[in-house]
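Chemist: Dropping a structure here in structure tokens format, bear with me for questions.
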Amino acid sequence: MGKPEVVDENPQLKEQHPWHTLTVEEAISKMGLKSDLPKTGLSTDEAATRLAKYGPNKLTEKEKKTIWQRIWHQINNVLVYVLLTVAVVSAAQGIQYVVVGNTGQNIFSAWFQVGLILGVITLNTWIGIYQEGNAEKAADALKNMLSTDARVIRGGKEIMVPAGDIVPGDVCLLGLGDKIPTDMRMISVSNLATGEAALTGESVPIDKEVDAIPVPDGLDAEQVPLGDRKNMAYSATLVAQGSGIGIATATGDYTQIGTINRLVNQTEEMKTDVLEQIDNISKVLAVAICTMCLGTFLVAFFYAETYMGQPLASVNIALTCAVAMVPEGLEAIVTLTYSYAVKVMASHNAIVRALPAVETLGSVTVICSDKTGTLTQNIMSLTAFVTSNARYKNNVDASDRVPSNFVRDDTYLAERAKQDFKKTGEQILADGPNNPAGRRGKDPSFHFTTDSLHATADGAGATPAHPDANFPFPNGASPTSEWIRSALACGVLCSKCVLGEGGGRAGEIGNPTELSILRATYFSGIDIENLKNESPIVAEVPFSSEYKFMATVHEPTAADKAPEGKLIAYVKGAPDRMVKLCKNQAKGGVAGEDYLEDVDETYWIEQIAILSSHGLRVLGLCRAFIDKDSIKAGDQLGQEFVNGRPEGKWLTMVGLCAIMDPPRPECVQAIKEAHTAGVRVAMITGDHKDTATAIGHMLGIVDEKYSEAVTGPELDAMSDDEIRKCVLTHNVFARASPQNKIRIVKALQAEGQVSSMTGDGVNDAPALKAANMGVAMGKEGTDVAREASEMILADDNFATIVYAVKQGRVVWDNLRKVLLVNTPINNSQGLSVFFGLLVRLPNTPITTIQILYSNFICAVTLGFVCAIEPAEDGIMNLPPRRVGKRLIGRYLFLRIVMATFTLTGCVVAAALIVDNVPNYDYLNVCDGPYEGYEQEGKYCIDEEGTRHYSDQRLKMIRSVAFNTLDFGAMSVMMSARFTYLSSVHPRVFVGNPAALASCAIVAVLQLILTYVPGLNSFVFSMIGMDGLGWGIVFGFMALVFIIMEVEKAIRRSLKARGADTDDREPSAFDAAPKVATEADMKLPKGASKLNLQELAH
């Protein structure tokens, strides 16, 4: 976290003021500077004094690990110590063999063992360091956002200085395209606007001013969002237009970007459950290894005939047992498991930055997601069109350009949303997207907002005054293209927007809300350009936020059914204002004077209330005919053309456009899948409460259990205990700020939840790092958010998160399968040495080099098959993995023990058979190292009377035992691929091509090691096997497979009877659940000031 002692003592910490609430003169006075500062700036001496006092304008960097610290981190574990001990003893033996003139084979074996062990350690260390290489880049990304140079006034002159030399009080000059070097209070602006999207998430440049900002009622100065502090400019943001002059108010770590830097550095990344458990497994294995090592030494020294009374030889055998049980390949195979999952997820647009985070996905219990672009399409779309007697639903997901995209459905959005049943129109307006106040006082992005809505609480007027179920089209039918052209002509012609290529966003120009009408018209098969050409514009009233409408006058077409000598006027605007200006309504939206009715104001006001309650933006489309001689072509008309006419009410209401950013269709199914899997989905948005609730209903996030939304201001008012309860009872968080996001994460974690959090802006970085699984947006996100996250969505799609959760569960299952394969292979090697001596085999049934080969080559090859197993059926029908659940639970432990002793028994039994059957008596010869010794049965007697077991027969024992071990391991792997399903089935040959391929690879390698001269005898201490040997190997291979499958059948039966064979219930194997404390809810230092901006809706 850098050097906190310097940060804490910096005077800037005590000299911060709510600069945005002060006038320019007050701000200068607070800084203790002269009133002529704007003209003269700081003097050179004063700037140097302040630089010494406040420090350079740069971010404190988090201390990084050196390469030696990274290496130490990788090798500092018990299992590596065991391997190093074996390597040291083997090296000592190699030296001893050279000194005493022992055989070349023994010398080679000793040094080959040393090299192999050091190679394994080096490879595992390199893999670990490589994976750490991409860590801790978030602070670097923040640093790269800062300016390098700046223009300032010093001593009355304009000069360029390094941005790092700027101090509080410096007068800084800004121009178009400049990167702002520090936080500053603006004292002069000329059409200045800054792009603050990277900092605040607000995509529209913020116009700047110099006046003091009043604090809204109910808020203190610090609660005013940065986006509303329009007299301030912030470090790392850009000048989008104009120019200005400002006084630096904060530098370095005390800028807003510096606050985020401190939060990113303070928020420690959590160590995943699997990594902790692997550490614990390693410690347990270390104890088991030491115990077996001691037991083997005692058996060898006091009991085994070959080594009795020989301390050095007994130590060597004990260390051979240790090498056998050390899982050299375990770390590599865990990394391979993660890496493969990362590759699979990347092919589905989920890019995982930290391998262990893959496992976290499998235990996620709550997914907290942004709304816009993640759960929704990020395209404003016309979802419904309401006429005087009908409702038309538009298929916003359609790709075909046909009129049937619209369907009359009089039940669609026909009544208020449940939460607004008993509200007045004003109450509905306050929580909806048509609220003119915008979000927390910001200017609304929807320009046609509703000023007032005088709908009653009883919903009077919901039913048309002139209902007609069949005019102009019956319920359930689609309208004609001519009707759609006429009904939506106002939205198309009364607009300056340009639709994107193919109806998409690429190349579009204009307001997204207005574009939605053009898009709906386009996908109904209407030629928009032809429509504009047929009805050219004559005059217009440009839009203004003052009167909230736009009007255009056109030459009519035949379809408009205009009277002779008339022009047609289209008026599009805020629906409440349009209703007040209407004299008539078009019956069923049909054109022509023959279909005019008196306007039913109560009906239209209630329709506005209904649509608003569902979170829809509402736009009124009107038309009227005027005399041709009343205006001239090219006239720039004023607002009085619409709302100042002598006849008063004169327009005809055609219909209401209901517009929203609709849910992604694939997200609806993805959320169902998440719910089936026991994963809650929460939506966090800066949008209005009703909009968020409506989207929540469509997505299936809002239901009877989670029926209401809670807003950011409501969260701000809650205590820690209250917010902990709130996050368990609400799925929708509206009008939320980045600070709310952090509190939601902390509250969920305090309640024992494993949360995934999405974000895209710099302001989201602390919440992303604090979450168990931070997910950044790939398309719309910033580099800082990506670097602070564990996963990036290349397509910004929520469905991708659910897919990643599924893969996280697959990784957990596959890691358990890997342990079921690798652990018995490791343990049976060591136990084979121990029990081999215990049953008085003449020597160890397998050698150290054979053990290292099986550990690293065979175990990795066969283990990798389980690492890449596809998801088993029903994996998303299970609840999330319980927090604290062990990788090795009760039943998996029993399976590992059973597989270990089965494999051990087969290896030792195979060695005993070769040792005792007369078929191999022909190998009882004294040759090789025992050349010239006297033969006595299976032994060769030297001159001192010491008995040495026949070298050829011992090699045959080791050939059969070694092949029994590795072919038996294949049986374990083939059975372990399926947790419950039988492997005695054709499914064993499909689904995972690597299964058969790995068996083939291991089998071929076994044949090479067994039969290639020199390699078999000199390196691996074996000889070629005969038919009997292979019969023994394949017989025990089949026995291992049968025992594994019988155990599986028993477990299936127990599960059917209700037994907890999945180890889902807590047990002694599990970690004790964490008890939440006050510290769990404590925000990182500085987060209380992170009221940067309400989240983008």
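Each chain in the structure tokens gets a letter, A, B and so on, in the order shown; residues start at 1 in every chain, and ligands are counted from 1 in the order they appear.
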What lies within 6 Å of segment 607-623 of chain A using only C-alpha atoms, ignoring chain neighbours under 5 positions off, as a list in words?
Modeler: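 My reading of the contact set: Glu415, Arg416, Ala417, Gly425, Ile428, Gly432, Pro433, Asn434, Ala569, Tyr570, Val571, Lys572, Gly573, Ala574, Pro575, Leu651, Thr652, Met653, Val654, Gly655, Leu656, Cys657, Ala658, Ile659, Met660, Asp690, Thr691 and Ala694 of chain A.
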Chemist: When DSSP is applied to the backbone of this structure, which of segment 338-428 of chain A are assigned strand (DSSP E or B)? Write them out as a list in words.
Modeler: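 Written out, the strand (DSSP E or B) residues of segment 338-428 of chain A are Ala350, Ile351, Val352, Val366, Ile367, Cys368, Ser369, Asp370, Thr376, Ser381, Leu382, Thr383, Ala384, Phe385, Val386, Arg391, Tyr392, Lys393, Asn394, Phe406, Val407 and Arg408 of chain A.
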Chemist: So that I can check the surroundings of segment 316-326 of chain A, please list as a PyMOL selection string every protein, DNA and RNA residue that reaches within 10 Å of it, counting only C-alpha atoms and ignoring chain neighbours fewer than 5 positions away.
Modeler: chain A and resi 78-80+82-83+85-87+89-90+93+117+282+285-286+288-301+307+311+823-834+837+843-844+846-855
Chemist: Write out as a PyMOL selection string the residues lying within 8 Å of Ser950 of chain A, counting only C-alpha atoms and excluding same-chain residues fewer than 3 positions away.
Modeler: chain A and resi 923-926+938-940+953-954
Chemist: Let me see the file: selected residues, all heavy atoms, as a PDB file, in the first residue's frame.
Modeler:
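Saved result, again21.pdb, follows:
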ATOM      1  N   LEU A 923      15.246 -66.888 -13.969  1.00  0.00           N
ATOM      2  CA  LEU A 923      15.931 -65.615 -13.760  1.00  0.00           C
ATOM      3  C   LEU A 923      16.876 -65.656 -12.565  1.00  0.00           C
ATOM      4  O   LEU A 923      17.562 -64.666 -12.276  1.00  0.00           O
ATOM      5  CB  LEU A 923      14.898 -64.497 -13.548  1.00  0.00           C
ATOM      6  CG  LEU A 923      13.972 -64.191 -14.738  1.00  0.00           C
ATOM      7  CD1 LEU A 923      12.924 -63.173 -14.343  1.00  0.00           C
ATOM      8  CD2 LEU A 923      14.775 -63.666 -15.923  1.00  0.00           C
ATOM      9  N   ASN A 924      16.921 -66.799 -11.884  1.00  0.00           N
ATOM     10  CA  ASN A 924      17.796 -66.926 -10.704  1.00  0.00           C
ATOM     11  C   ASN A 924      19.224 -67.185 -11.158  1.00  0.00           C
ATOM     12  O   ASN A 924      19.724 -68.302 -11.112  1.00  0.00           O
ATOM     13  CB  ASN A 924      17.312 -68.048  -9.789  1.00  0.00           C
ATOM     14  CG  ASN A 924      15.923 -67.766  -9.223  1.00  0.00           C
ATOM     15  OD1 ASN A 924      15.508 -66.635  -9.150  1.00  0.00           O
ATOM     16  ND2 ASN A 924      15.213 -68.834  -8.828  1.00  0.00           N
ATOM     17  N   VAL A 925      19.870 -66.129 -11.638  1.00  0.00           N
ATOM     18  CA  VAL A 925      21.261 -66.251 -12.110  1.00  0.00           C
ATOM     19  C   VAL A 925      22.081 -65.156 -11.454  1.00  0.00           C
ATOM     20  O   VAL A 925      21.567 -64.106 -11.074  1.00  0.00           O
ATOM     21  CB  VAL A 925      21.345 -66.136 -13.642  1.00  0.00           C
ATOM     22  CG1 VAL A 925      20.669 -67.317 -14.313  1.00  0.00           C
ATOM     23  CG2 VAL A 925      20.729 -64.835 -14.129  1.00  0.00           C
ATOM     24  N   CYS A 926      23.377 -65.457 -11.308  1.00  0.00           N
ATOM     25  CA  CYS A 926      24.286 -64.466 -10.713  1.00  0.00           C
ATOM     26  C   CYS A 926      25.082 -63.798 -11.828  1.00  0.00           C
ATOM     27  O   CYS A 926      26.104 -64.339 -12.288  1.00  0.00           O
ATOM     28  CB  CYS A 926      25.234 -65.139  -9.700  1.00  0.00           C
ATOM     29  SG  CYS A 926      24.383 -65.838  -8.268  1.00  0.00           S
ATOM     30  N   LYS A 938      17.257 -68.070  -5.154  1.00  0.00           N
ATOM     31  CA  LYS A 938      17.050 -66.745  -5.735  1.00  0.00           C
ATOM     32  C   LYS A 938      18.140 -65.768  -5.315  1.00  0.00           C
ATOM     33  O   LYS A 938      18.108 -64.583  -5.688  1.00  0.00           O
ATOM     34  CB  LYS A 938      15.694 -66.190  -5.291  1.00  0.00           C
ATOM     35  CG  LYS A 938      14.500 -66.958  -5.855  1.00  0.00           C
ATOM     36  CD  LYS A 938      13.170 -66.391  -5.402  1.00  0.00           C
ATOM     37  CE  LYS A 938      12.860 -66.751  -3.974  1.00  0.00           C
ATOM     38  NZ  LYS A 938      11.479 -66.376  -3.567  1.00  0.00           N
ATOM     39  N   TYR A 939      19.134 -66.246  -4.555  1.00  0.00           N
ATOM     40  CA  TYR A 939      20.147 -65.362  -4.000  1.00  0.00           C
ATOM     41  C   TYR A 939      21.524 -65.673  -4.544  1.00  0.00           C
ATOM     42  O   TYR A 939      21.829 -66.800  -4.947  1.00  0.00           O
ATOM     43  CB  TYR A 939      20.166 -65.447  -2.477  1.00  0.00           C
ATOM     44  CG  TYR A 939      18.906 -64.877  -1.847  1.00  0.00           C
ATOM     45  CD1 TYR A 939      17.793 -65.688  -1.621  1.00  0.00           C
ATOM     46  CD2 TYR A 939      18.846 -63.533  -1.489  1.00  0.00           C
ATOM     47  CE1 TYR A 939      16.633 -65.169  -1.057  1.00  0.00           C
ATOM     48  CE2 TYR A 939      17.690 -63.016  -0.914  1.00  0.00           C
ATOM     49  CZ  TYR A 939      16.594 -63.822  -0.701  1.00  0.00           C
ATOM     50  OH  TYR A 939      15.457 -63.298  -0.151  1.00  0.00           O
ATOM     51  N   CYS A 940      22.384 -64.645  -4.521  1.00  0.00           N
ATOM     52  CA  CYS A 940      23.791 -64.783  -4.881  1.00  0.00           C
ATOM     53  C   CYS A 940      24.598 -64.441  -3.631  1.00  0.00           C
ATOM     54  O   CYS A 940      24.396 -63.386  -3.022  1.00  0.00           O
ATOM     55  CB  CYS A 940      24.168 -63.852  -6.026  1.00  0.00           C
ATOM     56  SG  CYS A 940      23.258 -64.179  -7.556  1.00  0.00           S
ATOM     57  N   ARG A 953      15.829 -61.296 -11.500  1.00  0.00           N
ATOM     58  CA  ARG A 953      14.481 -61.532 -10.957  1.00  0.00           C
ATOM     59  C   ARG A 953      13.939 -60.257 -10.295  1.00  0.00           C
ATOM     60  O   ARG A 953      12.739 -59.976 -10.372  1.00  0.00           O
ATOM     61  CB  ARG A 953      14.510 -62.676  -9.962  1.00  0.00           C
ATOM     62  CG  ARG A 953      13.116 -63.156  -9.554  1.00  0.00           C
ATOM     63  CD  ARG A 953      13.094 -64.579  -9.136  1.00  0.00           C
ATOM     64  NE  ARG A 953      11.730 -65.088  -8.922  1.00  0.00           N
ATOM     65  CZ  ARG A 953      11.429 -66.370  -8.866  1.00  0.00           C
ATOM     66  NH1 ARG A 953      12.378 -67.298  -9.050  1.00  0.00           N
ATOM     67  NH2 ARG A 953      10.173 -66.757  -8.658  1.00  0.00           N
ATOM     68  N   LEU A 954      14.823 -59.498  -9.648  1.00  0.00           N
ATOM     69  CA  LEU A 954      14.390 -58.247  -9.037  1.00  0.00           C
ATOM     70  C   LEU A 954      13.910 -57.270 -10.107  1.00  0.00           C
ATOM     71  O   LEU A 954      12.905 -56.568  -9.919  1.00  0.00           O
ATOM     72  CB  LEU A 954      15.542 -57.612  -8.239  1.00  0.00           C
ATOM     73  CG  LEU A 954      15.236 -56.272  -7.551  1.00  0.00           C
ATOM     74  CD1 LEU A 954      14.086 -56.425  -6.569  1.00  0.00           C
ATOM     75  CD2 LEU A 954      16.478 -55.733  -6.834  1.00  0.00           C
TER      76      LEU A 954
END
Chemist: Would you mind telling me which residue in A:Pro879, A:Asp170, A:Val366, A:Lys343 lies nearest to Ile744 of chain A when using only C-alpha atoms?
Modeler: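 That would be A:Val366, the residue with the smallest distance to Ile744 of chain A.
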Chemist: Can you work out which one of A:Ile247, A:Ile278, A:Leu116, A:Ile701 has the shortest atom-to-atom distance to Thr40 of chain A, counting only C-alpha atoms?
Modeler: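 Of A:Ile247, A:Ile278, A:Leu116, A:Ile701, the one nearest Thr40 of chain A is A:Ile247, counting only C-alpha atoms.
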Chemist: With distances taken over only C-alpha atoms, which of A:Glu209, A:Ser29, A:Ser707, A:Pro11 is nearest to Lys53 of chain A?
Modeler: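 Closest to Lys53 of chain A of all the choices is A:Pro11.
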Chemist: Can you pull out the residues contacting Tyr603 of chain A? Cut-off 12 Å, using only C-alpha atoms, and skip same-chain residues under 4 positions away; I want them as an MDAnalysis selection string.
Modeler: chainID A and resid 386:390 414 454:456 459:467 576 579 585 598:599 607:610 653 655:656
Chemist: Quick one: residues within 7 Å of segment 255-260 of chain A, only C-alpha atoms counted, chain neighbours fewer than 6 positions away excluded, as a list in words?
Modeler: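 So the residues in contact are Leu59, Thr182, Asp183, Tyr234, Ser235, Asn763, Pro766 and Gly1086 of chain A.
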Chemist: Give the answer as one residue: which of A:Gln12, A:Ala193, A:Asp703, A:Leu123 has the shortest atom-to-atom distance to Lys418 of chain A, using only C-alpha atoms?
Modeler: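 So, comparing all the options, the nearest one is A:Asp703.
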Chemist: Which residues are near segment 863-877 of chain A? Cut-off 9 Å, only C-alpha atoms, ignore same chain within fewer than 3 positions. Put them as a PyMOL selection string.
Modeler: chain A and resi 330+333-334+336-338+340-341+673-678+806-807+809-811+813-822+858-860+880+973-974+976-979+991-996+998
